[in-house]
>>> print(open('entry.cif').read())   # mmCIF, C-alpha atoms
data_final
loop_
_atom_site.group_PDB
_atom_site.id
_atom_site.type_symbol
_atom_site.label_atom_id
_atom_site.label_comp_id
_atom_site.auth_asym_id
_atom_site.auth_seq_id
_atom_site.Cartn_x
_atom_site.Cartn_y
_atom_site.Cartn_z
ATOM 1 C CA MET F 91 103.685 50.396 151.874
ATOM 2 C CA SER F 92 102.902 51.657 148.374
ATOM 3 C CA GLU F 93 105.120 54.172 146.608
ATOM 4 C CA CYS F 94 104.639 56.193 143.452
ATOM 5 C CA PHE F 95 106.343 59.119 141.747
ATOM 6 C CA LEU F 96 104.663 62.276 140.513
ATOM 7 C CA LEU F 97 106.094 64.756 138.034
ATOM 8 C CA ALA F 98 105.785 68.247 139.497
ATOM 9 C CA ASP F 99 106.044 71.670 137.864
ATOM 10 C CA GLY F 100 109.477 72.340 136.445
ATOM 11 C CA GLY F 101 110.158 68.654 135.840
ATOM 12 C CA SER F 102 111.041 67.738 139.425
ATOM 13 C CA ILE F 103 109.871 64.401 140.789
ATOM 14 C CA MET F 104 107.973 64.050 144.052
ATOM 15 C CA LYS F 105 107.749 60.711 145.837
ATOM 16 C CA VAL F 106 104.447 59.759 147.440
ATOM 17 C CA LYS F 107 104.180 56.879 149.900
ATOM 18 C CA LEU F 108 101.005 55.373 151.307
ATOM 19 C CA ASP F 109 101.343 53.429 154.540
ATOM 20 C CA GLU F 110 97.997 51.647 154.803
ATOM 21 C CA LYS F 111 98.864 49.921 158.082
ATOM 22 C CA ASN F 112 99.490 53.229 159.856
ATOM 23 C CA GLU F 113 97.025 55.183 157.689
ATOM 24 C CA ALA F 114 99.590 57.760 156.668
ATOM 25 C CA LEU F 115 100.410 59.527 153.420
ATOM 26 C CA TYR F 116 103.927 60.917 152.907
ATOM 27 C CA PHE F 117 105.041 63.400 150.251
ATOM 28 C CA ARG F 118 108.798 63.690 149.728
ATOM 29 C CA LEU F 119 109.277 67.058 148.036
ATOM 30 C CA SER F 120 113.039 66.939 147.568
ATOM 31 C CA GLU F 121 116.099 64.925 148.476
ATOM 32 C CA GLY F 122 118.203 65.748 151.501
ATOM 33 C CA ASN F 123 118.617 64.784 155.108
ATOM 34 C CA VAL F 124 115.735 65.361 157.488
ATOM 35 C CA VAL F 125 117.164 67.174 160.507
ATOM 36 C CA GLU F 126 113.957 68.423 162.129
ATOM 37 C CA CYS F 127 110.259 67.537 162.196
ATOM 38 C CA GLU F 128 107.358 69.706 163.312
ATOM 39 C CA GLU F 129 103.674 68.896 163.770
ATOM 40 C CA VAL F 130 102.024 72.018 162.344
ATOM 41 C CA SER F 131 98.453 70.772 162.690
ATOM 42 C CA GLN F 132 96.893 67.638 164.117
ATOM 43 C CA GLY F 133 98.179 64.753 161.997
ATOM 44 C CA ILE F 134 100.302 66.954 159.702
ATOM 45 C CA ILE F 135 104.070 66.765 160.152
ATOM 46 C CA LEU F 136 106.625 68.737 158.155
ATOM 47 C CA ASP F 137 110.200 67.500 157.651
ATOM 48 C CA TYR F 138 112.972 70.099 157.301
ATOM 49 C CA ASP F 139 116.506 69.938 155.934
ATOM 50 C CA GLU F 140 119.611 71.695 157.311
ATOM 51 C CA GLU F 141 118.561 74.997 155.720
ATOM 52 C CA LYS F 142 115.020 74.891 157.184
ATOM 53 C CA ASN F 143 113.453 74.005 153.800
ATOM 54 C CA VAL F 144 110.381 71.750 153.899
ATOM 55 C CA ILE F 145 111.401 68.504 152.180
ATOM 56 C CA GLY F 146 108.615 66.198 153.346
ATOM 57 C CA ILE F 147 104.986 66.262 154.470
ATOM 58 C CA GLU F 148 103.274 63.450 156.374
ATOM 59 C CA ILE F 149 99.515 63.336 156.787
ATOM 60 C CA SER F 150 98.148 60.777 159.221
ATOM 61 C CA ASN F 151 94.866 60.236 160.981
ATOM 62 C CA ASN F 152 95.973 58.160 163.965
ATOM 63 C CA GLY F 153 93.754 55.147 163.355
ATOM 64 C CA SER F 154 90.537 56.818 162.163
ATOM 65 C CA PRO F 155 89.909 56.684 158.414
ATOM 66 C CA LEU F 156 89.619 60.052 156.685
ATOM 67 C CA SER F 157 86.611 60.645 154.498
ATOM 68 C CA GLN F 158 87.013 62.008 150.979
ATOM 69 C CA GLU F 159 85.617 65.333 152.205
ATOM 70 C CA GLU F 160 88.186 65.523 155.020
ATOM 71 C CA LEU F 161 91.018 64.724 152.617
ATOM 72 C CA SER F 162 89.911 67.422 150.177
ATOM 73 C CA ASN F 163 89.777 70.041 152.951
ATOM 74 C CA ILE F 164 93.165 69.535 154.634
ATOM 75 C CA GLU F 165 94.731 72.932 155.186
ATOM 76 C CA PHE F 166 97.919 74.064 156.857
ATOM 77 C CA GLN F 167 100.223 77.030 156.578
ATOM 78 C CA LEU F 168 103.920 76.582 155.931
ATOM 79 C CA PRO F 169 106.126 78.500 158.374
ATOM 80 C CA GLN F 170 107.797 81.625 156.984
ATOM 81 C CA ASN F 171 111.612 81.537 156.865
#
>>> encode(input="entry.cif", output="structure tokens")
Amino acid sequence: MSECFLLADGGSIMKVKLDEKNEALYFRLSEGNVVECEEVSQGIILDYDEEKNVIGIEISNNGSPLSQEELSNIEFQLPQN
């Protein structure tokens, strides 16, 4: 599994992990305990903390490689609190 860190707006750091074996990409948006997960679209899972804030996003393709076009067109809507 590969891991890198990206500097986001406001100086916060986002962790990005690539799991090549399982063909999944994970974005950790902030620290905290994951208490709930929800699949909001096929292959897109959101992780929530205790206060229902999204703290992680996993994008997977369940064994079928995604093309560059598919990756550039991934869309999902975050739930409203």
>>> atom_distance(input="entry.cif", atom1="atom CA of F:Leu136", atom2="atom CA of F:Glu159")
22.1 Å
>>> residues_near_point(input="entry.cif", point="(110.5, 67.1, 153.8)", cutoff="7 Å", atoms="all atoms listed in the file", output="PyMOL selection string")
chain F and resi 118-120+124+136-139+144-147
>>> atom_distance(input="entry.cif", atom1="atom CA of F:Gly133", atom2="atom CA of F:Asn112")
11.8 Å
>>> closest_residue(input="entry.cif", among="F:Gly122, F:Ile135, F:Phe117, F:Met104", to="F:Ser150", atoms="all atoms listed in the file")
F:Ile135
>>> atom_distance(input="entry.cif", atom1="atom CA of F:Ile103", atom2="atom CA of F:Glu128")
23.3 Å
>>> closest_residue(input="entry.cif", among="F:Glu148, F:Lys142, F:Gln132, F:Cys127", to="F:Leu115", atoms="all atoms listed in the file")
F:Glu148
>>> axis_aligned_box(input="entry.cif", around="stretch 124-127 of chain F", padding_each_side="3 Å", output="JSON")
{"center_x": 113.7, "center_y": 66.9, "center_z": 159.8, "size_x": 12.9, "size_y": 9.1, "size_z": 10.7}
>>> closest_residue(input="entry.cif", among="F:Asn143, F:Tyr116, F:Ile149, F:Asp109", to="F:Ser131", atoms="all atoms listed in the file")
F:Ile149
